[in-house]
file input.txt (compact mmCIF, C-alpha atoms)
# COMPACT_ATOMS: atom_id res chain seq x y z
CA MET O 76 0.11 -36.96 -41.60
CA THR O 77 2.72 -34.37 -40.59
CA ILE O 78 2.40 -32.45 -37.37
CA SER O 79 1.82 -29.26 -39.37
CA GLU O 80 -1.09 -30.84 -41.18
CA VAL O 81 -2.57 -32.06 -37.89
CA LEU O 82 -2.31 -28.55 -36.46
CA ARG O 83 -3.87 -27.03 -39.56
CA ILE O 84 -6.82 -29.39 -39.40
CA HIS O 85 -7.47 -29.51 -35.66
CA THR O 86 -6.48 -26.10 -34.24
CA ASP O 87 -9.85 -24.41 -34.63
CA SER O 88 -11.81 -27.12 -32.89
CA LEU O 89 -9.30 -27.26 -30.04
CA MET O 90 -9.29 -23.45 -29.68
CA ALA O 91 -13.09 -23.54 -29.43
CA LEU O 92 -12.92 -25.48 -26.15
CA PRO O 93 -13.49 -23.17 -23.18
CA GLY O 94 -10.24 -22.14 -21.48
CA VAL O 95 -7.95 -23.10 -24.36
CA GLN O 96 -5.47 -20.25 -24.98
CA GLY O 97 -3.41 -21.73 -27.77
CA VAL O 98 -2.42 -24.76 -29.82
CA ALA O 99 1.17 -25.36 -30.93
CA GLN O 100 3.77 -27.90 -31.93
CA GLY O 101 5.68 -29.15 -28.93
CA GLU O 102 8.11 -31.96 -28.34
CA LEU O 103 8.21 -34.82 -25.87
CA ASP O 104 10.91 -37.48 -25.81
CA GLY O 105 12.10 -36.34 -29.21
CA ARG O 106 8.69 -36.67 -30.86
CA PRO O 107 6.46 -33.83 -31.98
CA THR O 108 3.35 -33.25 -29.90
CA VAL O 109 0.17 -31.25 -30.21
CA GLN O 110 0.68 -28.80 -27.35
CA VAL O 111 -2.48 -27.22 -25.96
CA LEU O 112 -2.07 -24.09 -23.81
CA VAL O 113 -4.90 -23.75 -21.28
CA ALA O 114 -5.74 -21.08 -18.76
CA GLU O 115 -6.65 -23.64 -16.13
CA LEU O 116 -6.69 -27.40 -16.48
CA THR O 117 -10.05 -28.30 -15.02
CA SER O 118 -11.17 -31.91 -14.96
CA ASP O 119 -13.93 -30.93 -17.37
CA LEU O 120 -11.39 -29.60 -19.85
CA ARG O 121 -9.14 -32.61 -19.36
CA GLY O 122 -12.12 -34.78 -20.19
CA ARG O 123 -12.74 -32.91 -23.41
CA LEU O 124 -9.18 -32.99 -24.70
CA PRO O 125 -8.11 -36.05 -26.64
CA ARG O 126 -4.98 -37.88 -25.44
CA GLU O 127 -3.63 -38.11 -28.95
CA ILE O 128 -4.44 -36.93 -32.44
CA GLU O 129 -3.37 -38.87 -35.52
CA GLY O 130 -0.69 -40.62 -33.47
CA TYR O 131 0.74 -37.40 -31.97
CA ALA O 132 0.50 -37.09 -28.19
CA VAL O 133 -1.57 -34.19 -26.90
CA GLN O 134 0.51 -32.27 -24.34
CA VAL O 135 -1.41 -29.88 -22.08
CA VAL O 136 0.32 -26.84 -20.53
CA GLU O 137 -1.44 -24.68 -17.95
CA THR O 138 -0.50 -21.07 -18.61
CA GLY O 139 -3.16 -18.85 -17.13
CA VAL O 140 -4.73 -16.30 -19.46
CA ILE O 141 -2.24 -15.16 -22.10
CA ARG O 142 -2.05 -11.38 -22.21
CA ALA O 143 -0.09 -8.71 -23.99
CA GLN O 144 2.64 -7.56 -21.56
CA PRO O 145 2.96 -3.83 -21.20
CA ASP O 146 2.99 -2.43 -17.67
CA SER O 147 0.00 -0.18 -17.55
CA ALA O 148 -1.56 2.14 -15.03
CA ARG O 149 -4.97 1.37 -16.50
CA MET F 217 4.02 -1.85 23.07
CA HIS F 218 6.72 -2.35 25.64
CA PHE F 219 8.76 0.83 25.78
CA ARG F 220 12.00 -1.11 25.80
CA THR F 221 11.45 -1.94 22.17
CA ILE F 222 11.41 1.75 21.29
CA ALA F 223 14.65 2.31 23.21
CA LEU F 224 16.22 -0.28 20.92
CA ARG F 225 18.99 -2.74 21.40
CA ALA F 226 20.62 -0.49 18.89
CA THR F 227 21.88 -2.63 16.09
CA ARG F 228 22.76 0.08 13.73
CA PRO F 229 20.22 0.07 10.94
CA LEU F 230 16.91 1.53 11.85
CA VAL F 231 17.58 3.50 14.93
CA VAL F 232 17.49 6.82 13.15
CA GLY F 233 14.09 7.97 14.30
CA PHE F 234 14.81 7.33 17.91
CA ALA F 235 18.35 8.65 17.73
CA ILE F 236 17.15 11.88 16.21
CA PHE F 237 14.50 12.06 18.87
CA ALA F 238 17.13 11.55 21.52
CA ALA F 239 19.68 13.88 19.95
CA ALA F 240 17.08 16.56 19.38
CA CYS F 241 15.99 16.30 22.96
CA ALA F 242 19.60 16.61 24.01
CA THR F 243 20.06 19.92 22.26
CA ASP F 244 16.85 21.46 23.51
CA SER F 245 17.63 24.40 25.72
CA GLY F 246 14.94 23.95 28.31
CA PRO F 247 13.26 21.20 30.22
CA SER F 248 10.17 21.34 28.07
CA GLY F 249 11.62 20.48 24.66
CA PRO F 250 8.99 20.29 21.92
CA SER F 251 9.60 16.67 21.15
CA ASN F 252 9.26 15.68 24.77
CA ASP F 253 5.55 15.37 24.66
CA ASP F 254 4.03 14.78 28.04
CA ALA F 255 0.96 13.30 26.44
CA SER F 256 2.89 10.63 24.57
CA PHE F 257 4.74 9.61 27.68
CA ALA F 258 1.55 9.48 29.59
CA ARG F 259 0.19 7.16 26.90
CA ALA F 260 3.23 4.95 27.25
CA GLY F 261 2.66 5.07 30.95
CA GLN F 262 -0.81 3.65 30.48
CA GLN F 263 0.69 0.33 29.53
CA GLY F 264 3.65 0.53 31.88
CA PRO F 265 5.37 2.72 34.40
CA ASP F 266 5.11 6.53 34.41
CA LEU F 267 8.11 7.79 32.47
CA ARG F 268 7.73 11.49 33.10
CA ALA F 269 10.33 11.74 35.84
CA ALA F 270 12.88 9.85 33.76
CA SER F 271 12.07 12.06 30.82
CA ALA F 272 12.61 15.20 32.87
CA ALA F 273 15.95 13.89 34.12
CA LYS F 274 16.99 13.17 30.59
CA GLU F 275 16.02 16.66 29.51
CA ARG F 276 18.05 18.25 32.23
CA HIS F 277 21.24 16.34 31.52
CA ALA F 278 21.18 15.34 27.87
CA SER F 279 22.99 18.38 26.42
CA ARG F 280 25.88 17.95 28.78
CA LEU F 281 26.05 14.20 28.20
CA MET F 282 25.93 14.57 24.41
CA ARG F 283 28.98 16.84 24.50
CA GLN F 284 30.96 13.97 25.96
CA ASP F 285 33.17 11.93 23.64
CA GLY F 286 31.73 8.54 22.86
CA ILE F 287 28.13 9.34 23.79
CA GLU F 288 25.99 9.02 20.68
CA GLY F 289 22.52 9.45 22.09
CA VAL F 290 20.39 9.78 25.19
CA GLY F 291 16.88 8.55 25.75
CA VAL F 292 14.33 7.11 28.09
CA SER F 293 14.02 3.40 28.69
CA LEU F 294 13.41 0.80 31.36
CA THR F 295 15.83 -1.11 33.50
CA ASP F 296 15.91 -4.88 33.23
CA ASP F 297 13.40 -5.11 36.03
CA GLY F 298 11.02 -2.67 34.40
CA LYS F 299 11.78 0.60 36.16
CA PRO F 300 12.07 3.93 34.33
CA ALA F 301 15.63 4.75 33.35
CA VAL F 302 17.69 7.14 31.31
CA VAL F 303 19.53 5.26 28.60
CA VAL F 304 22.87 6.45 27.27
CA PHE F 305 23.96 5.12 23.86
CA THR F 306 27.71 4.83 23.45
CA LEU F 307 30.13 4.42 20.61
CA HIS F 308 31.88 1.50 22.27
CA GLY F 309 32.06 -0.35 25.52
CA ALA F 310 34.86 1.64 27.07
CA VAL F 311 33.23 5.06 27.34
CA GLY F 312 33.81 6.33 30.84
CA ARG F 313 32.40 8.91 33.22
CA ILE F 314 28.76 7.98 32.81
CA PRO F 315 26.85 8.44 36.05
CA ALA F 316 25.03 5.51 37.58
CA ASP F 317 21.97 7.66 38.11
CA LEU F 318 20.61 11.10 37.35
CA ASP F 319 18.36 12.85 39.81
CA GLY F 320 17.44 9.53 41.32
CA ILE F 321 16.68 7.89 37.97
CA PRO F 322 18.92 4.92 37.15
CA VAL F 323 21.09 5.21 34.09
CA LYS F 324 21.67 2.30 31.80
CA VAL F 325 24.31 2.18 29.12
CA GLU F 326 23.82 0.59 25.71
CA VAL F 327 26.67 0.24 23.25
CA SER F 328 25.07 1.29 19.98
CA GLY F 329 27.95 2.33 17.77
CA LYS F 330 27.34 5.23 15.41
CA PHE F 331 23.82 6.10 14.36
CA GLU F 332 23.54 6.65 10.62
CA ALA F 333 20.79 8.15 8.59
CA ILE F 334 19.23 5.75 6.11
CA LEU F 335 19.26 7.62 2.84
CA PRO F 336 17.09 6.46 -0.01
CA ARG F 337 19.30 4.79 -2.59
CA ALA F 338 19.73 7.26 -5.44
CA LYS F 339 19.13 6.02 -8.95
CA PRO F 340 22.46 5.82 -10.73
CA PRO F 341 22.77 8.58 -13.31
CA GLY F 342 24.48 6.43 -15.91
CA ALA F 343 24.22 2.90 -17.24
CA GLY F 344 24.96 0.33 -14.55
CA GLY F 345 28.54 -0.83 -14.79
CA GLY F 346 28.49 -4.56 -14.33
CA GLY F 347 25.41 -6.03 -12.72
CA GLY F 348 22.71 -3.93 -11.17
CA SER F 349 21.43 -1.65 -13.92
CA ASN F 350 17.87 -0.43 -13.46
CA PRO F 351 15.91 -0.65 -16.72
CA THR F 352 13.12 1.60 -15.40
CA SER F 353 15.53 4.51 -14.98
CA ARG F 354 16.41 7.27 -17.42
CA VAL F 355 19.73 6.52 -19.10
CA ARG F 356 21.53 8.04 -22.08
CA PRO F 357 22.46 6.50 -24.37
CA VAL F 358 19.48 4.19 -23.84
CA PRO F 359 20.55 0.54 -23.58
CA VAL F 360 18.57 -2.20 -25.30
CA GLY F 361 16.10 -3.68 -22.81
CA PHE F 362 15.18 -0.44 -21.04
CA SER F 363 11.77 1.11 -20.35
CA ILE F 364 10.04 3.08 -23.12
CA GLY F 365 6.51 4.26 -23.78
CA ASN F 366 4.26 6.46 -25.87
CA VAL F 367 3.54 9.91 -24.43
CA GLY F 368 -0.19 9.26 -24.84
CA GLU F 369 -0.52 6.64 -22.08
CA CYS F 370 0.80 5.92 -18.61
CA SER F 371 2.37 2.62 -19.53
CA ALA F 372 5.78 1.15 -20.28
CA GLY F 373 7.26 -1.60 -22.38
CA THR F 374 10.73 -2.47 -23.57
CA TYR F 375 13.12 -1.04 -26.18
CA GLY F 376 13.73 -4.24 -28.13
CA ALA F 377 16.39 -3.43 -30.70
CA ARG F 378 17.85 -0.69 -32.85
CA VAL F 379 16.84 -1.38 -36.45
CA ILE F 380 17.74 0.26 -39.72
CA SER F 381 16.38 0.95 -43.18
CA GLY F 382 18.81 2.63 -45.55
CA THR F 383 20.55 5.07 -43.23
CA THR F 384 17.58 5.74 -40.94
CA ARG F 385 17.60 4.14 -37.52
CA TYR F 386 14.54 3.18 -35.49
CA ILE F 387 13.53 1.70 -32.17
CA LEU F 388 11.85 -1.70 -32.58
CA SER F 389 9.14 -2.72 -30.13
CA ASN F 390 5.48 -3.75 -30.12
CA ASN F 391 2.47 -1.97 -31.58
CA HIS F 392 0.82 -2.09 -28.16
CA VAL F 393 3.87 -0.36 -26.62
CA LEU F 394 4.71 2.29 -29.24
CA ALA F 395 1.36 2.68 -31.03
CA LEU F 396 -1.06 1.93 -28.17
CA GLN F 397 -3.01 -0.83 -29.94
CA ASN F 398 -3.44 1.12 -33.18
CA HIS F 399 -4.60 4.30 -31.40
CA ALA F 400 -1.49 6.49 -31.23
CA ALA F 401 -1.12 9.47 -33.56
CA PRO F 402 1.49 9.19 -36.32
CA ASN F 403 4.79 10.78 -35.23
CA SER F 404 3.67 10.73 -31.60
CA THR F 405 6.47 11.04 -29.08
CA ILE F 406 8.22 8.04 -27.56
CA LEU F 407 9.67 8.64 -24.09
CA GLN F 408 12.43 6.90 -22.16
CA PRO F 409 11.53 5.83 -19.55
CA GLY F 410 7.88 5.14 -20.28
CA ARG F 411 5.40 7.11 -18.15
CA TYR F 412 4.61 4.10 -16.00
CA ASP F 413 8.11 4.61 -14.59
CA THR F 414 7.84 8.36 -13.99
CA ASN F 415 4.71 8.20 -11.82
CA CYS F 416 2.83 9.03 -15.02
CA ALA F 417 4.59 12.40 -15.35
CA ILE F 418 5.25 13.69 -18.86
CA ASP F 419 8.71 15.12 -19.37
CA LEU F 420 9.28 15.94 -23.02
CA GLY F 421 12.97 16.07 -22.18
CA ASP F 422 12.70 12.26 -22.06
CA ALA F 423 11.72 12.05 -25.75
CA ILE F 424 13.94 9.77 -27.83
CA ALA F 425 11.93 8.91 -30.95
CA THR F 426 8.72 9.47 -32.91
CA LEU F 427 6.27 6.77 -33.95
CA SER F 428 6.92 5.89 -37.56
CA ASP F 429 5.02 2.71 -38.48
CA PHE F 430 3.07 -0.16 -36.96
CA GLU F 431 1.30 -3.30 -38.06
CA PRO F 432 -2.37 -3.00 -37.05
CA ILE F 433 -3.66 -5.56 -34.57
CA VAL F 434 -6.96 -7.05 -35.76
CA PHE F 435 -9.28 -8.12 -32.97
CA GLY F 436 -12.16 -10.59 -33.12
CA GLY F 437 -10.89 -13.72 -34.84
CA ALA F 438 -8.76 -12.76 -37.84
CA ASN F 439 -5.24 -14.16 -37.96
CA ASN F 440 -2.48 -11.78 -36.81
CA THR F 441 1.17 -12.62 -37.23
CA VAL F 442 2.97 -9.72 -35.54
CA ASP F 443 2.50 -7.09 -32.82
CA VAL F 444 5.19 -4.71 -34.04
CA ALA F 445 5.98 -1.02 -34.43
CA ILE F 446 9.01 1.17 -35.09
CA ALA F 447 9.82 4.73 -34.02
CA ARG F 448 12.39 6.91 -35.75
CA ILE F 449 15.23 7.82 -33.39
CA ASN F 450 15.65 11.57 -32.83
CA ASN F 451 19.37 11.46 -32.09
CA VAL F 452 21.34 8.27 -32.69
CA ASN F 453 23.85 9.28 -30.01
CA ASP F 454 21.02 8.90 -27.48
CA VAL F 455 20.10 5.31 -28.34
CA SER F 456 22.59 2.45 -28.07
CA ASN F 457 22.26 -0.79 -30.04
CA ALA F 458 23.61 -2.80 -27.10
CA THR F 459 22.21 -4.01 -23.80
CA SER F 460 23.67 -2.83 -20.51
CA SER F 461 26.63 -4.82 -19.25
CA ASP F 462 24.17 -7.18 -17.50
CA GLY F 463 23.14 -8.58 -20.87
CA TYR F 464 24.28 -10.11 -24.14
CA GLY F 465 25.61 -6.90 -25.67
CA ILE F 466 24.90 -6.19 -29.34
CA PRO F 467 22.50 -8.61 -31.06
CA ASN F 468 23.54 -10.24 -34.32
CA LYS F 469 22.38 -8.78 -37.67
CA VAL F 470 21.63 -12.33 -38.75
CA THR F 471 18.37 -13.80 -37.50
CA VAL F 472 17.61 -17.51 -37.03
CA PRO F 473 14.32 -19.40 -37.06
CA ALA F 474 12.94 -20.64 -33.75
CA ALA F 475 13.52 -24.33 -33.06
CA LEU F 476 12.19 -26.61 -30.35
CA ASN F 477 14.44 -26.75 -27.27
CA GLN F 478 16.51 -23.83 -28.50
CA ALA F 479 18.22 -21.95 -25.65
CA VAL F 480 17.30 -18.27 -25.74
CA GLN F 481 17.68 -15.10 -23.67
CA LYS F 482 16.31 -11.61 -23.49
CA CYS F 483 16.83 -8.33 -21.62
CA GLY F 484 13.66 -6.47 -20.69
CA ARG F 485 12.35 -3.66 -18.53
CA THR F 486 10.72 -5.78 -15.82
CA THR F 487 12.53 -9.09 -15.34
CA LYS F 488 15.79 -7.74 -16.81
CA CYS F 489 18.02 -10.36 -18.46
CA THR F 490 16.57 -13.86 -18.32
CA LYS F 491 17.16 -17.20 -20.03
CA GLY F 492 14.65 -19.64 -21.39
CA THR F 493 13.96 -22.45 -23.81
CA VAL F 494 11.70 -22.61 -26.84
CA SER F 495 9.01 -24.99 -25.67
CA ALA F 496 6.67 -24.80 -28.67
CA ILE F 497 6.55 -23.41 -32.18
CA ASN F 498 3.95 -22.75 -34.84
CA ALA F 499 1.56 -21.69 -32.10
CA THR F 500 -1.91 -20.30 -32.59
CA VAL F 501 -2.71 -18.20 -29.54
CA ASN F 502 -5.60 -16.02 -28.40
CA VAL F 503 -4.00 -12.99 -26.73
CA SER F 504 -5.94 -10.72 -24.40
CA TYR F 505 -5.45 -6.99 -24.80
CA SER F 506 -7.30 -4.16 -23.11
CA ASP F 507 -9.11 -3.66 -26.42
CA GLY F 508 -10.12 -7.30 -26.76
CA VAL F 509 -8.79 -10.68 -27.81
CA ALA F 510 -6.62 -11.03 -30.89
CA ARG F 511 -5.68 -14.34 -32.50
CA PHE F 512 -2.06 -14.82 -33.49
CA VAL F 513 -0.67 -17.59 -35.65
CA ASN F 514 2.79 -19.07 -36.13
CA GLN F 515 4.03 -17.85 -32.76
CA VAL F 516 6.99 -18.95 -30.66
CA VAL F 517 6.45 -20.14 -27.09
CA ILE F 518 9.25 -19.75 -24.54
CA THR F 519 9.45 -21.13 -21.03
CA GLY F 520 11.82 -19.62 -18.46
CA ARG F 521 14.72 -21.72 -17.25
CA ARG F 522 14.76 -20.28 -13.74
CA GLY F 523 11.52 -18.55 -12.85
CA ALA F 524 9.52 -16.38 -15.22
CA PHE F 525 11.06 -15.55 -18.60
CA SER F 526 8.96 -12.39 -18.78
CA ARG F 527 6.35 -10.34 -16.96
CA SER F 528 4.25 -7.26 -17.69
CA GLY F 529 6.53 -4.52 -18.96
CA ASP F 530 8.85 -6.85 -20.87
CA SER F 531 6.76 -6.46 -24.03
CA GLY F 532 8.96 -5.48 -26.95
CA SER F 533 12.07 -7.32 -25.78
CA LEU F 534 14.20 -8.94 -28.44
CA ILE F 535 14.63 -12.69 -27.84
CA VAL F 536 18.02 -13.93 -29.03
CA THR F 537 19.94 -17.22 -28.94
CA ASP F 538 21.69 -17.92 -25.66
CA ASN F 539 25.22 -18.02 -27.03
CA ALA F 540 27.97 -15.63 -28.12
CA ALA F 541 26.31 -15.07 -31.50
CA ALA F 542 23.08 -13.69 -29.96
CA ASN F 543 21.06 -14.23 -33.13
CA PRO F 544 17.57 -12.72 -32.92
CA VAL F 545 14.80 -15.30 -32.82
CA ALA F 546 11.58 -13.56 -31.77
CA LEU F 547 9.94 -10.33 -30.60
CA LEU F 548 8.36 -10.72 -27.15
CA PHE F 549 4.81 -9.44 -26.81
CA ALA F 550 2.65 -11.59 -24.55
CA GLY F 551 2.70 -14.23 -21.86
CA GLY F 552 0.83 -16.30 -19.32
CA GLN F 553 1.99 -17.30 -15.88
CA THR F 554 4.74 -19.58 -17.04
CA THR F 555 5.01 -19.02 -20.78
CA THR F 556 6.09 -16.18 -23.03
CA ILE F 557 4.89 -15.63 -26.59
CA GLY F 558 6.98 -14.03 -29.31
CA ASN F 559 6.51 -13.17 -32.98
CA PRO F 560 9.07 -14.84 -35.26
CA ILE F 561 11.59 -12.05 -35.72
CA ASN F 562 11.72 -12.18 -39.54
CA ALA F 563 7.98 -11.62 -39.77
CA ALA F 564 8.26 -8.60 -37.46
CA LEU F 565 11.24 -7.07 -39.29
CA SER F 566 9.83 -7.58 -42.80
CA ALA F 567 6.47 -6.12 -41.79
CA MET F 568 8.34 -2.92 -40.93
CA GLY F 569 10.86 -3.10 -43.80
CA VAL F 570 13.88 -2.99 -41.48
CA THR F 571 16.83 -5.11 -40.42
CA ILE F 572 18.67 -5.44 -37.11
CA ASP F 573 21.32 -2.71 -36.64
CA GLY F 574 23.60 -5.21 -34.97
CA LYS F 575 26.99 -6.90 -34.99
call {"tool": "encode", "arguments": {"input": "input.txt", "output": "structure tokens"}}
result
Amino acid sequence: MTISEVLRIHTDSLMALPGVQGVAQGELDGRPTVQVLVAELTSDLRGRLPREIEGYAVQVVETGVIRAQPDSAR
Amino acid sequence: MHFRTIALRATRPLVVGFAIFAAACATDSGPSGPSNDDASFARAGQQGPDLRAASAAKERHASRLMRQDGIEGVGVSLTDDGKPAVVVFTLHGAVGRIPADLDGIPVKVEVSGKFEAILPRAKPPGAGGGGGSNPTSRVRPVPVGFSIGNVGECSAGTYGARVISGTTRYILSNNHVLALQNHAAPNSTILQPGRYDTNCAIDLGDAIATLSDFEPIVFGGANNTVDVAIARINNVNDVSNATSSDGYGIPNKVTVPAALNQAVQKCGRTTKCTKGTVSAINATVNVSYSDGVARFVNQVVITGRRGAFSRSGDSGSLIVTDNAAANPVALLFAGGQTTTIGNPINAALSAMGVTIDGK
């Protein structure tokens, strides 16, 4: 299965986990990874995330909440 | 507070207040100069010795002393063993004819050098020449990467790129910068700088463009691909297609797809010109806006090489390759603490029916 197919199949269920901000294709040691962007990597969330999907490593990146970036007085 | 601190071992910088106090006292005509407030000296005296006699001596003699070459200021202080004194500030160590005491009050001499007023640094009127441009300032012609905003909100984002369709030129940025998350009126005025950088003041003399088109952002779960808008430029002479000299110059007309580990750069209103690396592609991301959360697909993720790649206010920046070609890769619109999210540039440009007006 290609990495694109894995992302197509698994993104929604990963995004449904609390705190997950995004799911993407990353790279580690030259191999594609399933990269999961999380607001905060709690041990609960770490426990819910698989270590690999269909042979692709799951790479977790803590990003905080992802927001649009204007500077606003509101 | 120990009064000696106020008297200052005058290293030049922040002595102004005291120097003015001293100089003003020196030019007062009478012994009861307005700035020589008995009450304040009495307060100082509560924590230490009574300074009123020293103050009076200073008042009597300051005008004469200040007329002397090399004397920069006169004040009230304490001797090394804590007794009230008149302090004389001098230009250098060789100033002569300073009395050892005045009316029984010891005089101490401090070599201060010149006292200089600290003026607020004025914003440069033109584009910064070589390092040090200020993207929140008003500049004409506007460089790529500078502050812009819609007249309808006190906010600011970034002028991403000059784009073109036929012979008409536009400013490219985000929907949430130019069109206020779908809310702005068609043809509404775009200002440079954005109102967040003018203390929210509206100066229609800052207008550079009018809102022309935007891709609506759909909140609540549908897939978005771009957060993009364009505004027709009022006067092309007012809007440059190049960054300030701090940045990469004119972006390339030819775009390239994002690739993992690609070296990229951007110039934006908040973090100015920064470099980063594409750390993920084909990203599905939930992005928080003031109006709610919108889901974006097929996004580019960038991580800064040295510190943050972007911060609030950099929205709308064009992300280009970090090389001489400066090929556009993505349109910056969102970020977390350590990551930046951009729309693939081709999707943004084709949604608006424009191309990069570049080199």
call {"tool": "residues_around", "arguments": {"input": "input.txt", "residues": "Ile433 of chain F", "least_positions_apart": "5", "cutoff": "8 Å", "atoms": "all atoms listed in the file", "output": "PyMOL selection string"}}
result
chain F and resi 391+397-398+440+442-443+510
call {"tool": "atom_distance", "arguments": {"input": "input.txt", "atom1": "atom CA of Ile314 of chain F", "atom2": "atom CA of Lys299 of chain F"}}
result
18.8 Å
call {"tool": "closest_atom_pairs", "arguments": {"input": "input.txt", "of": "chain O", "to": "chain F", "cutoff": "7 Å", "atoms": "all atoms listed in the file", "output": "Markdown table"}}
result
| residue | atom | partner | partner_atom | distance |
| --- | --- | --- | --- | --- |
| O:Gln96 | CA | F:Asn502 | CA | 5.4 |
| O:Gly97 | CA | F:Val501 | CA | 4.0 |
| O:Val98 | CA | F:Thr500 | CA | 5.3 |
| O:Ala99 | CA | F:Ala499 | CA | 3.9 |
| O:Gln100 | CA | F:Ile497 | CA | 5.3 |
| O:Gly101 | CA | F:Ala496 | CA | 4.5 |
| O:Thr138 | CA | F:Gly552 | CA | 5.0 |
| O:Gly139 | CA | F:Gly552 | CA | 5.2 |
| O:Val140 | CA | F:Gly552 | CA | 5.6 |
| O:Ile141 | CA | F:Gly552 | CA | 4.3 |
| O:Arg142 | CA | F:Ser504 | CA | 4.5 |
| O:Ala143 | CA | F:Ala550 | CA | 4.0 |
| O:Gln144 | CA | F:Ser528 | CA | 4.2 |
| O:Pro145 | CA | F:Gly529 | CA | 4.3 |
| O:Asp146 | CA | F:Gly529 | CA | 4.3 |
| O:Ser147 | CA | F:Ser371 | CA | 4.2 |
| O:Ala148 | CA | F:Cys370 | CA | 5.7 |
call {"tool": "closest_residue", "arguments": {"input": "input.txt", "among": "O:Tyr131, O:Val111, O:Glu137, O:Arg121", "to": "Met90 of chain O", "atoms": "all atoms listed in the file"}}
result
O:Val111
call {"tool": "atom_distance", "arguments": {"input": "input.txt", "atom1": "atom CA of Arg522 of chain F", "atom2": "atom CA of Leu394 of chain F"}}
result
29.2 Å
call {"tool": "atom_distance", "arguments": {"input": "input.txt", "atom1": "atom CA of Arg521 of chain F", "atom2": "atom CA of Arg126 of chain O"}}
result
26.8 Å
call {"tool": "residues_around", "arguments": {"input": "input.txt", "residues": "Leu124 of chain O", "least_positions_apart": "6", "cutoff": "12 Å", "atoms": "all atoms listed in the file", "output": "MDAnalysis selection string"}}
result
chainID O and resid 85 88:95 98 109:113 116:118 132:135
call {"tool": "residues_around", "arguments": {"input": "input.txt", "residues": "Gln481 of chain F", "least_positions_apart": "4", "cutoff": "10 Å", "atoms": "all atoms listed in the file", "output": "list in words"}}
result
Gly463, Tyr464, Cys489, Thr490, Lys491, Gly492, Thr493, Ile518, Gly520, Arg521, Phe525, Ser533, Leu534, Ile535, Val536, Thr537, Asp538, Asn539, Ala542, Pro544 and Val545 of chain F
call {"tool": "build_atoms", "arguments": {"input": "input.txt", "residues": "segment 108-121 of chain O", "atoms": "N, CA and C atoms", "output": "PDB file, keeping the file's coordinate frame"}}
result
ATOM      1  N   THR O 108       4.633 -33.094 -30.598  1.00  0.00           N
ATOM      2  CA  THR O 108       3.350 -33.250 -29.900  1.00  0.00           C
ATOM      3  C   THR O 108       2.410 -32.137 -30.339  1.00  0.00           C
ATOM      4  N   VAL O 109       1.133 -32.344 -30.112  1.00  0.00           N
ATOM      5  CA  VAL O 109       0.170 -31.250 -30.210  1.00  0.00           C
ATOM      6  C   VAL O 109       0.108 -30.638 -28.814  1.00  0.00           C
ATOM      7  N   GLN O 110       0.637 -29.418 -28.682  1.00  0.00           N
ATOM      8  CA  GLN O 110       0.680 -28.800 -27.350  1.00  0.00           C
ATOM      9  C   GLN O 110      -0.504 -27.847 -27.212  1.00  0.00           C
ATOM     10  N   VAL O 111      -1.299 -28.055 -26.181  1.00  0.00           N
ATOM     11  CA  VAL O 111      -2.480 -27.220 -25.960  1.00  0.00           C
ATOM     12  C   VAL O 111      -2.222 -26.351 -24.729  1.00  0.00           C
ATOM     13  N   LEU O 112      -2.274 -25.029 -24.916  1.00  0.00           N
ATOM     14  CA  LEU O 112      -2.070 -24.090 -23.810  1.00  0.00           C
ATOM     15  C   LEU O 112      -3.434 -23.764 -23.213  1.00  0.00           C
ATOM     16  N   VAL O 113      -3.597 -23.992 -21.915  1.00  0.00           N
ATOM     17  CA  VAL O 113      -4.900 -23.750 -21.280  1.00  0.00           C
ATOM     18  C   VAL O 113      -4.744 -22.798 -20.115  1.00  0.00           C
ATOM     19  N   ALA O 114      -5.791 -22.010 -19.878  1.00  0.00           N
ATOM     20  CA  ALA O 114      -5.740 -21.080 -18.760  1.00  0.00           C
ATOM     21  C   ALA O 114      -5.708 -21.863 -17.447  1.00  0.00           C
ATOM     22  N   GLU O 115      -6.589 -22.832 -17.334  1.00  0.00           N
ATOM     23  CA  GLU O 115      -6.650 -23.640 -16.130  1.00  0.00           C
ATOM     24  C   GLU O 115      -7.092 -25.038 -16.521  1.00  0.00           C
ATOM     25  N   LEU O 116      -6.351 -26.025 -16.087  1.00  0.00           N
ATOM     26  CA  LEU O 116      -6.690 -27.400 -16.480  1.00  0.00           C
ATOM     27  C   LEU O 116      -7.724 -27.966 -15.513  1.00  0.00           C
ATOM     28  N   THR O 117      -8.990 -27.731 -15.847  1.00  0.00           N
ATOM     29  CA  THR O 117     -10.050 -28.300 -15.020  1.00  0.00           C
ATOM     30  C   THR O 117     -10.264 -29.755 -15.452  1.00  0.00           C
ATOM     31  N   SER O 118     -10.927 -30.516 -14.588  1.00  0.00           N
ATOM     32  CA  SER O 118     -11.170 -31.910 -14.960  1.00  0.00           C
ATOM     33  C   SER O 118     -12.136 -31.983 -16.136  1.00  0.00           C
ATOM     34  N   ASP O 119     -13.021 -31.002 -16.228  1.00  0.00           N
ATOM     35  CA  ASP O 119     -13.930 -30.930 -17.370  1.00  0.00           C
ATOM     36  C   ASP O 119     -13.159 -30.766 -18.661  1.00  0.00           C
ATOM     37  N   LEU O 120     -12.179 -29.835 -18.643  1.00  0.00           N
ATOM     38  CA  LEU O 120     -11.390 -29.600 -19.850  1.00  0.00           C
ATOM     39  C   LEU O 120     -10.548 -30.823 -20.177  1.00  0.00           C
ATOM     40  N   ARG O 121      -9.941 -31.399 -19.170  1.00  0.00           N
ATOM     41  CA  ARG O 121      -9.140 -32.610 -19.360  1.00  0.00           C
ATOM     42  C   ARG O 121      -9.981 -33.704 -20.009  1.00  0.00           C
TER      43      ARG O 121
END
